[in-house]
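J.: Once you've had a glance at the structure underneath, I'll fire off some questions.
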Amino acid sequence: MKKNIILSIGIALLMGTTSCNDFLDNEPRGVLSETDVVTPQTVDGFVTAAYASMGNDHYDTPFSLWPYGNVRSDDAYKGGSGTNDIQAFHFFEISNNIRSDFGELDRLWYLNYVGIGRCNKAIAALNKLSEATYPNKKKRIAEMKFVRGHFFFLLKTLFKYVPYVDENTQIDDYSKISNRAKTDQQLWDAIATNFEEAAADLPATQPEVGRPKKSAAYAYLAKVRLYQAYEQDDNYTVTQINPITLQKSIDAANQVIGNYALATDFGYNFLPGTHENGPESVFSIQFSKDDRTLFGRLNYGDVLSLPQGLGCCDFHKPSQNLVNAFKTTPQGLPMFDTFNDSDLNYNHRDNYKVDPRLYHTVALPGLPWKYDENKIYQESWNRSPATYGYYASLKENVPISCGCTVNVDPFYGNSKNRIIIRYADVLLMKAEALIELNQINEALPLINQVRQRAANSTLLTGNYTSNNLISKYQPGVNCTWNQEFARKALRWERRMEFAMEGSRFFDLVRWGVATGTMNTYYAVEKTKRFYYSQAGFDHGIEEYCPIPLAQINFSQGLYKQNNGY
């Protein structure tokens, strides 16, 4: 059974009391002061309130970032009933008419800062206690720095410039700190410090799976340093890839490698029940049902992606471009330059050789839904096939028979964990840094380790697929392993491995190739889908979201808007 951190609500109700006049300066009778609240017996309530924030997203403010990492890239279509259904996400899909007054952006910003505020409150509360009275003090503070770093990482990749606040910042001063108070590199350093300090004090193991371990902090630190290494100018052009920062990423990744293992089958990472918190999960957000709450702690952020034939609402649809990218050559290598010359036809699958990860990532009509051969995915399950096609996303969804879904009309939420960092990510992050340092021979076995696992990933699909073909890279045999080819191979591997997991667009921005990739994608999509007629990516603007107008107003104009908005 999954161990979950049970969240205390009572503490949260005591966290917002302020006074504003002489009458309120008097100590009210029957009301607890903060000194009364912060005790060794109650302080974990502050901590669990911060953990709760990691799962307190909503279908239009998802922390999985599917509208911003997938739909905004070449991996996915928005889906739903049509282009007007959550129209803001449609505009992100076509990189057109993106505005700072989108309520979805404002609420996403707000929810991230609620999480940060709770972390800061918890750290401040923990600092009021001694280790003698609360022996877990250092460990809990480290956990809160990890969670705080996670929220800041999401904000940084979305908005680039955000105000940095910590436990020493008074809540009333949050709106007085500019989002440009720190430079781009200073902000990355501040985020990295959270994970460095967390790694110093977190234990190697945790009694509860929902709490981060030392290795998880190092994994996230490797990720932050890798992003930081790609230094950008004011127009978001990558001007250099900093070798010192790359080495910091490698050093952090080395603290993780060997402590985890790739799941035997790729698909096990995306199944509920006994496969959750498996050997590849470095850190996951824990969800639950039947936990004495009304509906359970369900993954509300991803509820929209269930096909209409199973519930609601058929959003987050894999693109034809992504499906085509899974095609392989007769030698089992990616079709780097020709993959999109023709479309894979799911009615004639055996005409193609494909990377086995296709069948764990994309639901194809005529094949079992989530490996259940008694539940065949149908074309009729699609809500708007003329607009968004016939594919569905598999990774965040679950088998209907899992017993882990709850009907929250009209939605069906599930309690499967959301993995934040997988071990495969750590391997490929290190490989990427090595390639950029031109240590390509050291990167090769890391990439091949991931590819070999992909080749072995037919345990769940072998009964109904026979066209799987993927090979390891063999220099001098099937490829010329120089830096240019290694970089291309690494970037392709990331797309195949993490497709539909919310990272594709941010990878493109980090590498400095978003403009070229997206406009090439749009040029082809315009010939297939009418609503792409106005699509076009503007370099120096659309790499990042606009700072929400409501937040600029909240700061009384202190926050500075991003380019072009």
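Letters A, B, ... mark the chains of the structure tokens in the order given; residue numbers begin at 1 per chain; ligand numbers begin at 1, in order shown.
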Which polymer residues have any atom within 7 Å of an atom of segment 123-132 of chain A, counting only C-alpha atoms, with same-chain residues fewer than 2 positions away left out, as a PyMOL selection string?

T.: chain A and resi 38+43+119-121+134-135+137+141+144+167

J.: Could those residues be written to a file, using C-alpha atoms, as a short mmCIF file (atom, residue, chain, number, x, y, z; two decimals), in the first residue's frame?

T.:
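File produced: result_21.cif:
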data_model
loop_
_atom_site.label_atom_id
_atom_site.label_comp_id
_atom_site.auth_asym_id
_atom_site.auth_seq_id
_atom_site.Cartn_x
_atom_site.Cartn_y
_atom_site.Cartn_z
CA VAL A 38 4.53 26.46 16.79
CA VAL A 43 4.99 22.09 13.57
CA CYS A 119 7.46 26.44 2.57
CA ASN A 120 8.70 29.75 3.92
CA LYS A 121 6.16 29.63 6.74
CA TYR A 134 12.36 18.67 17.74
CA PRO A 135 15.08 16.25 16.53
CA LYS A 137 14.41 20.02 12.56
CA ILE A 141 13.91 22.30 6.84
CA MET A 144 10.96 22.41 2.68
CA GLU A 167 11.64 32.56 4.96
#

J.: Applying 9 Å and only C-alpha atoms, which residues near Gly301 of chain A remain after dropping the ones on its own chain fewer than 2 positions away? List them as an mmCIF file with N, CA and C atoms, in the first residue's frame.

T.:
data_model
loop_
_atom_site.group_PDB
_atom_site.id
_atom_site.type_symbol
_atom_site.label_atom_id
_atom_site.label_comp_id
_atom_site.auth_asym_id
_atom_site.auth_seq_id
_atom_site.Cartn_x
_atom_site.Cartn_y
_atom_site.Cartn_z
ATOM 1 N N GLY A 55 0.269 19.081 -4.786
ATOM 2 C CA GLY A 55 -0.827 18.417 -5.468
ATOM 3 C C GLY A 55 -2.090 19.234 -5.533
ATOM 4 N N ASN A 56 -1.989 20.517 -5.229
ATOM 5 C CA ASN A 56 -3.171 21.381 -5.186
ATOM 6 C C ASN A 56 -3.372 22.140 -6.490
ATOM 7 N N ASP A 57 -3.079 21.486 -7.609
ATOM 8 C CA ASP A 57 -3.308 22.148 -8.889
ATOM 9 C C ASP A 57 -4.716 21.835 -9.390
ATOM 10 N N HIS A 58 -5.018 22.291 -10.582
ATOM 11 C CA HIS A 58 -6.364 22.189 -11.136
ATOM 12 C C HIS A 58 -6.226 21.928 -12.622
ATOM 13 N N TYR A 59 -7.307 21.510 -13.264
ATOM 14 C CA TYR A 59 -7.170 21.131 -14.670
ATOM 15 C C TYR A 59 -6.759 22.286 -15.578
ATOM 16 N N ASP A 60 -7.026 23.526 -15.184
ATOM 17 C CA ASP A 60 -6.570 24.638 -16.021
ATOM 18 C C ASP A 60 -5.324 25.317 -15.448
ATOM 19 N N THR A 61 -4.787 24.774 -14.346
ATOM 20 C CA THR A 61 -3.520 25.242 -13.783
ATOM 21 C C THR A 61 -2.666 24.037 -13.392
ATOM 22 N N PRO A 62 -2.392 23.153 -14.320
ATOM 23 C CA PRO A 62 -1.738 21.892 -13.970
ATOM 24 C C PRO A 62 -0.244 22.045 -13.702
ATOM 25 N N PHE A 63 0.201 21.475 -12.586
ATOM 26 C CA PHE A 63 1.632 21.492 -12.291
ATOM 27 C C PHE A 63 2.413 20.516 -13.173
ATOM 28 N N SER A 64 1.727 19.625 -13.872
ATOM 29 C CA SER A 64 2.410 18.799 -14.869
ATOM 30 C C SER A 64 2.844 19.634 -16.064
ATOM 31 N N LEU A 65 2.288 20.832 -16.185
ATOM 32 C CA LEU A 65 2.626 21.799 -17.237
ATOM 33 C C LEU A 65 2.358 21.285 -18.646
ATOM 34 N N TRP A 66 1.361 20.394 -18.770
ATOM 35 C CA TRP A 66 1.103 19.862 -20.111
ATOM 36 C C TRP A 66 0.737 20.928 -21.142
ATOM 37 N N LEU A 298 -6.596 13.337 -5.473
ATOM 38 C CA LEU A 298 -6.526 12.891 -6.858
ATOM 39 C C LEU A 298 -5.671 13.838 -7.698
ATOM 40 N N ASN A 299 -5.216 13.331 -8.826
ATOM 41 C CA ASN A 299 -4.444 14.135 -9.763
ATOM 42 C C ASN A 299 -5.415 14.954 -10.621
ATOM 43 N N VAL A 303 -6.807 15.578 -15.278
ATOM 44 C CA VAL A 303 -8.088 14.895 -15.493
ATOM 45 C C VAL A 303 -8.643 15.093 -16.901
ATOM 46 N N LEU A 304 -8.251 16.144 -17.586
ATOM 47 C CA LEU A 304 -8.849 16.446 -18.892
ATOM 48 C C LEU A 304 -8.393 15.514 -19.995
#

J.: Between A:Lys472, A:Gln87, A:Ala190, A:Gly117, which one has atoms that come closest to Asp173 of chain A, using only C-alpha atoms?

T.: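 When distances to Asp173 of chain A are compared using only C-alpha atoms, the smallest one comes from A:Gly117.
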
J.: Can you work out which one of A:Val71, A:Met54, A:Ala219, A:Ala199 has the shortest atom-to-atom distance to Arg118 of chain A, counting only C-alpha atoms?

T.: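 Using only C-alpha atoms, Arg118 of chain A sits closest to A:Met54.
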
J.: Segment 523-533 of chain A: which residues within 9 Å, counting only C-alpha atoms, same-chain residues fewer than 3 positions away excluded, as a ChimeraX atom specification?

T.: /A:83,93-94,320-321,340,386-388,518-520,536

J.: Save out the residues we just selected, N, CA and C atoms, as a JSON list (two decimals), in the first residue's frame.

T.:
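Listing of selection-v7.json after writing:
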[["chain", "number", "residue", "atom", "x", "y", "z"],
["A", 83, "THR", "N", -11.25, 24.74, -30.66],
["A", 83, "THR", "CA", -10.23, 25.74, -30.34],
["A", 83, "THR", "C", -10.67, 26.71, -29.25],
["A", 93, "GLU", "N", -0.80, 26.90, -28.16],
["A", 93, "GLU", "CA", -0.53, 25.87, -29.15],
["A", 93, "GLU", "C", -0.05, 26.46, -30.47],
["A", 94, "ILE", "N", -0.65, 27.58, -30.88],
["A", 94, "ILE", "CA", -0.29, 28.16, -32.17],
["A", 94, "ILE", "C", 0.65, 29.37, -32.03],
["A", 320, "GLN", "N", 0.61, 14.33, -34.65],
["A", 320, "GLN", "CA", 1.07, 13.42, -35.69],
["A", 320, "GLN", "C", 2.59, 13.49, -35.83],
["A", 321, "ASN", "N", 3.14, 14.67, -35.64],
["A", 321, "ASN", "CA", 4.59, 14.84, -35.70],
["A", 321, "ASN", "C", 5.27, 13.96, -34.67],
["A", 340, "ASN", "N", 9.23, 13.01, -40.71],
["A", 340, "ASN", "CA", 7.96, 13.70, -40.93],
["A", 340, "ASN", "C", 7.62, 13.84, -42.41],
["A", 386, "ALA", "N", -11.93, 15.60, -36.25],
["A", 386, "ALA", "CA", -11.64, 16.40, -37.44],
["A", 386, "ALA", "C", -10.64, 17.51, -37.13],
["A", 387, "THR", "N", -10.61, 17.93, -35.87],
["A", 387, "THR", "CA", -9.69, 19.00, -35.47],
["A", 387, "THR", "C", -8.40, 18.44, -34.88],
["A", 388, "TYR", "N", -8.53, 17.47, -33.99],
["A", 388, "TYR", "CA", -7.38, 17.04, -33.21],
["A", 388, "TYR", "C", -6.94, 15.59, -33.45],
["A", 518, "MET", "N", 9.83, 25.05, -33.95],
["A", 518, "MET", "CA", 8.40, 25.29, -33.96],
["A", 518, "MET", "C", 7.91, 25.82, -35.30],
["A", 519, "ASN", "N", 8.67, 26.67, -35.94],
["A", 519, "ASN", "CA", 8.21, 27.19, -37.23],
["A", 519, "ASN", "C", 8.29, 26.13, -38.32],
["A", 520, "THR", "N", 9.26, 25.22, -38.23],
["A", 520, "THR", "CA", 9.28, 24.07, -39.15],
["A", 520, "THR", "C", 8.06, 23.19, -38.91],
["A", 536, "GLY", "N", 2.69, 30.86, -35.70],
["A", 536, "GLY", "CA", 4.03, 31.34, -35.99],
["A", 536, "GLY", "C", 4.74, 31.70, -34.71]]

J.: Please report, as a count of residues only, each residue of segment 61-266 of chain A to which DSSP assigns strand (DSSP E) when run on this structure's backbone.

T.: 11

J.: Please report the interatomic distance between atom CA of Gln561 of chain A and atom CA of Lys78 of chain A in Å with one decimal.

T.: 26.1 Å

J.: Expressed in Å to a single decimal, how great is the separation between atom CA of Gly149 of chain A and atom CA of Trp492 of chain A?

T.: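 Going from atom CA of Gly149 of chain A over to atom CA of Trp492 of chain A, I get 27.8 Å.
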
J.: As JSON, numbers by chain, please: all residues of segment 253-381 of chain A that backbone DSSP puts in alpha helix (DSSP H).

T.: {"A": [253, 254, 320, 321, 322, 323, 324, 325, 358, 359, 360, 361]}

J.: Selection from above, C-alpha atoms, as a JSON list (two decimals), in the first residue's frame, can you write it?

T.:
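The resulting again-v6.json:
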[["chain", "number", "residue", "atom", "x", "y", "z"],
["A", 253, "ALA", "CA", 24.23, 13.67, -11.25],
["A", 254, "ASN", "CA", 27.14, 11.52, -10.07],
["A", 320, "GLN", "CA", 1.07, 13.42, -35.69],
["A", 321, "ASN", "CA", 4.59, 14.84, -35.70],
["A", 322, "LEU", "CA", 5.33, 13.08, -32.41],
["A", 323, "VAL", "CA", 3.90, 9.78, -33.64],
["A", 324, "ASN", "CA", 5.98, 10.06, -36.80],
["A", 325, "ALA", "CA", 9.09, 10.66, -34.69],
["A", 358, "LEU", "CA", 5.35, 4.63, -28.97],
["A", 359, "TYR", "CA", 2.95, 2.05, -27.54],
["A", 360, "HIS", "CA", 3.50, 3.27, -23.95],
["A", 361, "THR", "CA", 3.06, 6.93, -24.87]]

J.: When you count only C-alpha atoms, which of these residues is closest to Gln452 of chain A: A:Asn168, A:Asn97, A:Thr237, A:Thr264?

T.: A:Thr264

J.: Interatomic distance between atom CA of Leu154 of chain A and atom CA of Leu108 of chain A?

T.: 9.9 Å

J.: Find the residues around Ile419 of chain A up to 9 Å (only C-alpha atoms counted), leave out those fewer than 4 positions away in its own chain, and share them as a ChimeraX atom specification.

T.: /A:269-270,276-277,281-286

J.: Could you save those same residues with N, CA and C atoms as a JSON list (two decimals), in the first residue's frame?

T.:
[["chain", "number", "residue", "atom", "x", "y", "z"],
["A", 269, "ASN", "N", 6.70, 2.57, -15.43],
["A", 269, "ASN", "CA", 6.75, 3.91, -14.81],
["A", 269, "ASN", "C", 5.39, 4.60, -14.78],
["A", 270, "PHE", "N", 4.48, 4.15, -15.63],
["A", 270, "PHE", "CA", 3.22, 4.87, -15.82],
["A", 270, "PHE", "C", 2.01, 4.02, -15.46],
["A", 276, "GLU", "N", 4.13, 1.92, -8.64],
["A", 276, "GLU", "CA", 4.41, 3.28, -8.19],
["A", 276, "GLU", "C", 5.59, 3.29, -7.21],
["A", 277, "ASN", "N", 6.33, 4.41, -7.21],
["A", 277, "ASN", "CA", 7.52, 4.54, -6.36],
["A", 277, "ASN", "C", 8.50, 3.40, -6.65],
["A", 281, "SER", "N", 11.85, 5.84, -9.97],
["A", 281, "SER", "CA", 11.25, 7.07, -9.44],
["A", 281, "SER", "C", 12.19, 7.72, -8.44],
["A", 282, "VAL", "N", 12.77, 8.86, -8.83],
["A", 282, "VAL", "CA", 13.65, 9.60, -7.93],
["A", 282, "VAL", "C", 12.82, 10.46, -6.99],
["A", 283, "PHE", "N", 11.80, 11.10, -7.52],
["A", 283, "PHE", "CA", 10.85, 11.83, -6.66],
["A", 283, "PHE", "C", 9.51, 11.90, -7.36],
["A", 284, "SER", "N", 8.46, 11.60, -6.61],
["A", 284, "SER", "CA", 7.09, 11.61, -7.15],
["A", 284, "SER", "C", 6.16, 12.32, -6.18],
["A", 285, "ILE", "N", 5.16, 12.96, -6.74],
["A", 285, "ILE", "CA", 4.07, 13.51, -5.94],
["A", 285, "ILE", "C", 3.07, 12.39, -5.70],
["A", 286, "GLN", "N", 2.71, 12.21, -4.44],
["A", 286, "GLN", "CA", 1.86, 11.10, -4.05],
["A", 286, "GLN", "C", 0.38, 11.50, -4.09]]

J.: So that I can see what lies close to segment 540-550 of chain A, please list as a ChimeraX atom specification the residues with an atom at most 6 Å from it, counting only C-alpha atoms and leaving out residues fewer than 3 positions away in the same chain.

T.: /A:100-101,106,158-159,235-236,553,561-564

J.: Using C-alpha atoms, can you export the residues from the last selection as a CSV table (one decimal), in the first residue's frame?

T.:
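Everything below was put into selection_32.csv:
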chain,number,residue,atom,x,y,z
A,100,SER,CA,-0.8,38.8,-20.1
A,101,ASP,CA,-4.4,38.9,-18.9
A,106,ASP,CA,-2.4,34.3,-13.2
A,158,LEU,CA,7.7,29.4,-17.4
A,159,PHE,CA,8.4,33.1,-16.8
A,235,ASN,CA,16.5,38.2,-26.5
A,236,TYR,CA,16.6,34.6,-25.2
A,553,ASN,CA,-1.0,45.4,-10.9
A,561,GLN,CA,6.9,42.6,-18.2
A,562,ASN,CA,8.7,40.1,-20.4
A,563,ASN,CA,9.7,41.0,-24.0
A,564,GLY,CA,6.9,41.7,-26.5

J.: Compare A:Gln41, A:Asn397, A:Ser178, A:Gln185 by their minimum atom-to-atom distance to Ile552 of chain A, counting only C-alpha atoms, and give me the closest one.

T.: A:Ser178
